[in-house]
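Q: Take a look at this one; I'll ask things after.
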Amino acid sequence: MGEVIALILAAGWGTRLLPVTKAVPKEMLPLVDRPIIQYALEEAVASGIRHAVVVTARGKGAIEDYFDRLPELEQLLEHRGEAERLASVRRVVEGCQIAYVRQQEQRGIADAVYAARYAVGARPFALYFPDDVILAATPVTQQLLAVYQQHQASVLAVEQVRREDVPRYGMIDAEPVGERLFRVRGLVEKPRPEEAPSEWGIVGRYVLTPGIFAAIEQTPPGANGELQITDAIQRLLGSEPVYALAFTGDRYDTGNPVGYLRASVALALQRPDLALQVREALAALLRRR
């Protein structure tokens with residue numbers, strides 16, 4: 001099937017983080033010292049992916065600007081002898097070759113994926129919802145690719161979901177076929193807790209075969225008149241096997257204020273240059289309560 005590329009979805013409104021996302025793309029909000037979207041791209045690069053497609057929308061030009069060269073800044077840093085900062089700026093644009101596609105209307109996740117069909121072509125791709133920042137010793141994409149390479153089939157990242165959170169997830173009906181690995185029999189988008197077919201919910205990492213594009217073409221709009229990726233994968237099951245992997249790692253949903261703050265603190269605590277100061281700052285804040 002050829003090389004696996006990254007497909008990063010960055011066309012959403014970010015309504016859960018309003019009002020700031022009215023002017024700033026949610027994907028460009030900073031986590032410590034880099035924007036949310038960069039963590040998805042770094043995960044792809046760490047997993048051996050060297051080409052990416054980013055689906056954007058009107059008002060998202062800051063994403064393209066960020067992943068572009070800025071010679072004037074690079075020259076300034078070089079002149080000042082700030083080698084470490086210069087290297088961090090260059091790493092952003094040198095790790096992966098990026099192409100951009102626009103989703104013309106907000107018509108759902110599957111529509112955003114379908115907008116990239118010509119850029120992706122006949123290649124399998126790793127699909128990223130950059131709202132989900134996942135910290136793992138082995139990148140989640142790499143975990144999924146290992147399953148893909150073994151089975152040559154689509155793979156979904158899943159985690160156990162609390163009963164009260166079930167209506168926020170696509171839930172799988174599946175049978176275990178290995179350690180933390182499932183063969184998917186069906187999917188249900190945001191069911192009521194009592195109707196969920198399992199406790200396993202899909203999170204924002206997938207490896208999908210190009211067969212998903214034909215499945216999307218045949219999928220009618222679902223809730224809110226949008227094309228749901230869960231519905232499209234359900235249709236894909238009619239022609240191809242689909243697997244699910246209970247990945248190892250810690251996921252943070254940066255698409256809401258509390259999750260965004262939790263991710264910021266967790267990432268800072270992983271930084272040797274920041275961890276001690278952050279711990280001291282948190283302790284001082286807690287003592288004031």
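Ligands are numbered from 1 in the order shown, chains are lettered A, B, ... in the order of the structure tokens, and residues start at 1 in each chain.
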Could you pull out the residues in segment 148-279 of chain A that DSSP calls strand (DSSP E) from the backbone, as a PyMOL selection string?
A: chain A and resi 154-160+170-178+181-189+200-208+242-246+250-253
Q: Considering only C-alpha atoms, give me a table of residues in segment 90-151 of chain A that are at most 10 Å from segment 62-81 of chain A, with the closest atom pair and distance in Å for each, as a tab-separated table.
A:
residue	atom	partner	partner_atom	distance
A:Arg90	CA	A:Arg69	CA	7.7
A:Arg91	CA	A:Phe67	CA	9.7
A:Val92	CA	A:Phe67	CA	6.3
A:Val93	CA	A:Phe67	CA	5.3
A:Glu94	CA	A:Phe67	CA	9.1
A:Cys96	CA	A:Phe67	CA	9.6
A:Gln97	CA	A:Phe67	CA	9.5
A:Ile98	CA	A:Phe67	CA	8.2
A:Ala99	CA	A:Glu64	CA	9.2
A:Tyr100	CA	A:Glu64	CA	7.9
Q: Produce a table with one row for each residue of segment 130-225 of chain A that has an atom at most 12 Å from any atom of segment 4-15 of chain A, each row naming the nearest atom pair and its distance in Å at one decimal; use only C-alpha atoms; arrange rows by chain and rising residue number; format as a tab-separated table.
A:
residue	atom	partner	partner_atom	distance
A:Pro130	CA	A:Ile8	CA	7.0
A:Asp131	CA	A:Ala10	CA	9.1
A:Asp132	CA	A:Leu9	CA	11.3
A:Thr141	CA	A:Ala6	CA	9.6
A:Gln142	CA	A:Val4	CA	11.2
A:Leu144	CA	A:Val4	CA	11.6
A:Leu145	CA	A:Val4	CA	8.8
A:Ala146	CA	A:Val4	CA	11.9
A:Tyr148	CA	A:Val4	CA	10.2
A:Gln149	CA	A:Val4	CA	10.4
A:Gln152	CA	A:Val4	CA	11.6
A:Ser154	CA	A:Val4	CA	11.8
A:Gly204	CA	A:Leu9	CA	9.9
A:Arg205	CA	A:Ile8	CA	9.8
A:Tyr206	CA	A:Leu7	CA	9.7
A:Val207	CA	A:Val4	CA	8.6
A:Leu208	CA	A:Val4	CA	9.4
A:Thr209	CA	A:Val4	CA	9.3
A:Pro210	CA	A:Val4	CA	10.5
Q: Let me see the file: selected residues, N, CA and C atoms, as a compact mmCIF listing (two decimals), in the first residue's frame.
A:
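Written out: part-v5.txt:
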# COMPACT_ATOMS: atom_id res chain seq x y z
N PRO A 130 -5.85 16.51 17.00
CA PRO A 130 -4.80 17.08 17.85
C PRO A 130 -5.28 17.52 19.22
N ASP A 131 -6.61 17.64 19.43
CA ASP A 131 -7.12 17.92 20.78
C ASP A 131 -6.61 16.88 21.77
N ASP A 132 -6.47 15.64 21.33
CA ASP A 132 -5.97 14.57 22.19
C ASP A 132 -4.44 14.58 22.17
N THR A 141 1.01 6.35 17.91
CA THR A 141 1.01 6.05 16.47
C THR A 141 1.87 4.83 16.18
N GLN A 142 3.02 4.74 16.82
CA GLN A 142 3.90 3.59 16.61
C GLN A 142 3.24 2.31 17.09
N LEU A 144 0.01 1.71 17.09
CA LEU A 144 -1.02 1.37 16.10
C LEU A 144 -0.40 0.83 14.82
N LEU A 145 0.72 1.41 14.41
CA LEU A 145 1.37 0.97 13.17
C LEU A 145 1.87 -0.47 13.29
N ALA A 146 2.28 -0.86 14.48
CA ALA A 146 2.72 -2.25 14.66
C ALA A 146 1.58 -3.21 14.39
N TYR A 148 -1.11 -2.45 12.50
CA TYR A 148 -1.40 -2.33 11.06
C TYR A 148 -0.46 -3.19 10.23
N GLN A 149 0.82 -3.13 10.55
CA GLN A 149 1.80 -3.89 9.78
C GLN A 149 1.58 -5.39 9.90
N GLN A 152 -2.39 -5.60 8.28
CA GLN A 152 -2.73 -4.87 7.06
C GLN A 152 -4.20 -4.44 7.06
N SER A 154 -7.17 -1.49 9.15
CA SER A 154 -7.35 -0.29 9.96
C SER A 154 -7.31 -0.62 11.45
N GLY A 204 -8.60 9.95 19.83
CA GLY A 204 -8.19 10.64 18.61
C GLY A 204 -6.96 10.16 17.89
N ARG A 205 -6.78 8.85 17.77
CA ARG A 205 -5.70 8.28 16.96
C ARG A 205 -6.23 7.06 16.21
N TYR A 206 -6.00 7.01 14.91
CA TYR A 206 -6.42 5.90 14.07
C TYR A 206 -5.31 5.64 13.05
N VAL A 207 -5.25 4.43 12.56
CA VAL A 207 -4.56 4.15 11.29
C VAL A 207 -5.63 3.56 10.37
N LEU A 208 -5.83 4.21 9.24
CA LEU A 208 -6.92 3.81 8.34
C LEU A 208 -6.38 3.48 6.95
N THR A 209 -7.01 2.51 6.32
CA THR A 209 -6.68 2.19 4.93
C THR A 209 -7.41 3.17 4.02
N PRO A 210 -6.96 3.33 2.78
CA PRO A 210 -7.67 4.23 1.85
C PRO A 210 -9.08 3.77 1.52
Q: Write out as a ChimeraX atom specification the residues lying within 12 Å of Ser198 of chain A, counting only C-alpha atoms and excluding same-chain residues fewer than 2 positions away.
A: /A:158-163,166,169-176,182,184-188,191-196,200-202
Q: Mind writing the picked residues with C-alpha atoms as a compact mmCIF listing (two decimals), in the first residue's frame?
A:
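Final file, out_13.txt:
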# COMPACT_ATOMS: atom_id res chain seq x y z
CA VAL A 158 -9.34 2.85 22.40
CA GLU A 159 -9.43 3.30 26.16
CA GLN A 160 -11.78 2.29 28.96
CA VAL A 161 -14.47 4.92 29.44
CA ARG A 162 -16.33 5.71 32.65
CA ARG A 163 -20.04 5.00 32.42
CA VAL A 166 -19.96 7.11 27.42
CA TYR A 169 -17.47 8.73 22.70
CA GLY A 170 -17.77 6.38 19.80
CA MET A 171 -17.93 2.95 21.47
CA ILE A 172 -16.83 -0.35 19.95
CA ASP A 173 -18.40 -3.80 19.94
CA ALA A 174 -15.40 -6.12 19.73
CA GLU A 175 -13.89 -9.48 20.57
CA PRO A 176 -10.42 -9.87 22.12
CA PHE A 182 -9.63 -6.45 19.63
CA VAL A 184 -14.09 -4.78 15.87
CA ARG A 185 -17.60 -6.11 15.15
CA GLY A 186 -19.44 -2.80 15.25
CA LEU A 187 -19.40 0.81 16.45
CA VAL A 188 -21.95 3.10 18.06
CA PRO A 191 -24.70 5.94 22.86
CA ARG A 192 -26.53 6.18 26.17
CA PRO A 193 -24.55 4.34 28.88
CA GLU A 194 -27.03 1.47 29.01
CA GLU A 195 -26.77 1.00 25.24
CA ALA A 196 -22.98 0.93 24.96
CA TRP A 200 -14.06 0.75 25.17
CA GLY A 201 -14.26 4.20 23.60
CA ILE A 202 -12.40 5.49 20.55
Q: State, in Å with one decimal place, the distance from atom CA of Glu3 of chain A to atom CA of Ser47 of chain A.
A: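 We find that atom CA of Glu3 of chain A and atom CA of Ser47 of chain A lie 12.3 Å from each other.
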Q: Just list as an MDAnalysis selection string whatever in segment 56-280 of chain A DSSP marks as helix (DSSP H, G or I).
A: chainID A and resid 61:66 71:80 83:94 109:115 117:120 140:151 163:168 193:195 211:217 223:225 229:236 257:269 275:280
Q: Keeping C-alpha atoms, export the residues of the selection given above as a short mmCIF file (atom, residue, chain, number, x, y, z; two decimals), in the first residue's frame.
A:
data_model
loop_
_atom_site.label_atom_id
_atom_site.label_comp_id
_atom_site.auth_asym_id
_atom_site.auth_seq_id
_atom_site.Cartn_x
_atom_site.Cartn_y
_atom_site.Cartn_z
CA GLY A 61 -3.71 30.62 8.39
CA ALA A 62 -1.63 30.80 11.58
CA ILE A 63 -1.06 27.04 11.33
CA GLU A 64 0.56 27.33 7.90
CA ASP A 65 2.63 30.31 9.03
CA TYR A 66 3.88 28.45 12.08
CA PRO A 71 14.61 33.45 7.85
CA GLU A 72 14.75 36.80 9.67
CA LEU A 73 14.15 35.15 13.06
CA GLU A 74 16.63 32.37 12.31
CA GLN A 75 19.29 34.93 11.32
CA LEU A 76 18.67 36.91 14.51
CA LEU A 77 19.03 33.83 16.72
CA GLU A 78 22.14 32.76 14.85
CA HIS A 79 23.65 36.25 15.23
CA ARG A 80 22.95 36.16 18.96
CA ALA A 83 21.94 27.80 19.15
CA GLU A 84 19.39 25.88 21.24
CA ARG A 85 16.52 28.22 20.37
CA LEU A 86 17.57 28.25 16.72
CA ALA A 87 17.54 24.44 16.65
CA SER A 88 14.05 24.36 18.24
CA VAL A 89 12.70 26.72 15.57
CA ARG A 90 14.22 24.73 12.72
CA ARG A 91 13.02 21.38 14.06
CA VAL A 92 9.45 22.58 13.64
CA VAL A 93 9.78 22.78 9.84
CA GLU A 94 12.45 20.18 9.10
CA ILE A 109 -15.18 14.57 10.89
CA ALA A 110 -15.72 12.14 8.00
CA ASP A 111 -16.21 15.09 5.64
CA ALA A 112 -12.90 16.59 6.82
CA VAL A 113 -11.18 13.25 6.14
CA TYR A 114 -12.84 13.01 2.73
CA ALA A 115 -11.60 16.51 1.83
CA ARG A 117 -8.70 12.11 -0.31
CA TYR A 118 -6.69 13.42 -3.27
CA ALA A 119 -3.77 14.50 -1.08
CA VAL A 120 -3.69 11.13 0.69
CA VAL A 140 0.66 5.79 20.24
CA THR A 141 1.01 6.05 16.47
CA GLN A 142 3.90 3.59 16.61
CA GLN A 143 1.78 1.20 18.69
CA LEU A 144 -1.02 1.37 16.10
CA LEU A 145 1.37 0.97 13.17
CA ALA A 146 2.72 -2.25 14.66
CA VAL A 147 -0.81 -3.68 14.56
CA TYR A 148 -1.40 -2.33 11.06
CA GLN A 149 1.80 -3.89 9.78
CA GLN A 150 0.85 -7.26 11.24
CA HIS A 151 -2.77 -7.33 10.00
CA ARG A 163 -20.04 5.00 32.42
CA GLU A 164 -20.99 8.66 32.81
CA ASP A 165 -18.65 9.65 29.95
CA VAL A 166 -19.96 7.11 27.42
CA PRO A 167 -22.25 9.63 25.61
CA ARG A 168 -19.14 11.60 24.59
CA PRO A 193 -24.55 4.34 28.88
CA GLU A 194 -27.03 1.47 29.01
CA GLU A 195 -26.77 1.00 25.24
CA GLY A 211 -10.80 2.10 1.71
CA ILE A 212 -12.29 4.58 4.19
CA PHE A 213 -12.84 7.09 1.37
CA ALA A 214 -15.22 4.79 -0.52
CA ALA A 215 -16.95 4.05 2.79
CA ILE A 216 -17.44 7.78 3.44
CA GLU A 217 -18.93 8.23 -0.05
CA ALA A 223 -26.38 13.38 13.95
CA ASN A 224 -26.74 17.13 13.27
CA GLY A 225 -26.60 16.41 9.56
CA ILE A 229 -16.28 8.91 10.98
CA THR A 230 -17.74 6.22 13.27
CA ASP A 231 -20.53 5.58 10.75
CA ALA A 232 -18.01 5.41 7.91
CA ILE A 233 -15.86 2.87 9.79
CA GLN A 234 -18.99 0.83 10.47
CA ARG A 235 -19.56 0.72 6.71
CA LEU A 236 -15.89 -0.12 6.10
CA PRO A 257 -10.46 24.28 29.80
CA VAL A 258 -9.75 21.74 32.56
CA GLY A 259 -8.19 19.22 30.17
CA TYR A 260 -6.11 21.98 28.60
CA LEU A 261 -4.75 23.04 31.99
CA ARG A 262 -4.09 19.42 33.04
CA ALA A 263 -2.14 18.81 29.82
CA SER A 264 -0.09 21.98 30.33
CA VAL A 265 0.92 20.92 33.84
CA ALA A 266 1.61 17.30 32.86
CA LEU A 267 3.84 18.34 29.97
CA ALA A 268 5.70 20.88 32.10
CA LEU A 269 6.35 18.24 34.76
CA ALA A 275 9.61 20.36 36.52
CA LEU A 276 11.06 21.63 39.83
CA GLN A 277 9.85 25.20 39.31
CA VAL A 278 6.37 24.00 38.34
CA ARG A 279 6.12 21.73 41.38
CA GLU A 280 7.14 24.59 43.65
#
Q: What is the atom CA of Ile134 of chain A to atom CA of Gly249 of chain A distance in Å?
A: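 A separation of 6.3 Å between them.
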Q: Would you kindly return, as a list in words, each protein, DNA or RNA residue with an atom no farther than 7 Å from any atom of segment 35-43 of chain A, considering only C-alpha atoms and excluding same-chain residues fewer than 4 positions away?
A: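 The neighbour list is Glu27, Met28, Leu29, Pro30, Leu31, Ser47, Tyr128, Pro130, Val133, Pro139 and Thr141 of chain A.
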Q: Given the choices A:Val155, A:Ala244, A:Leu274, A:Leu237, which gets closest to Pro124 of chain A if the distance is worked out from only C-alpha atoms?
A: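 Answer, going by the shortest atom-to-atom distance: A:Val155.
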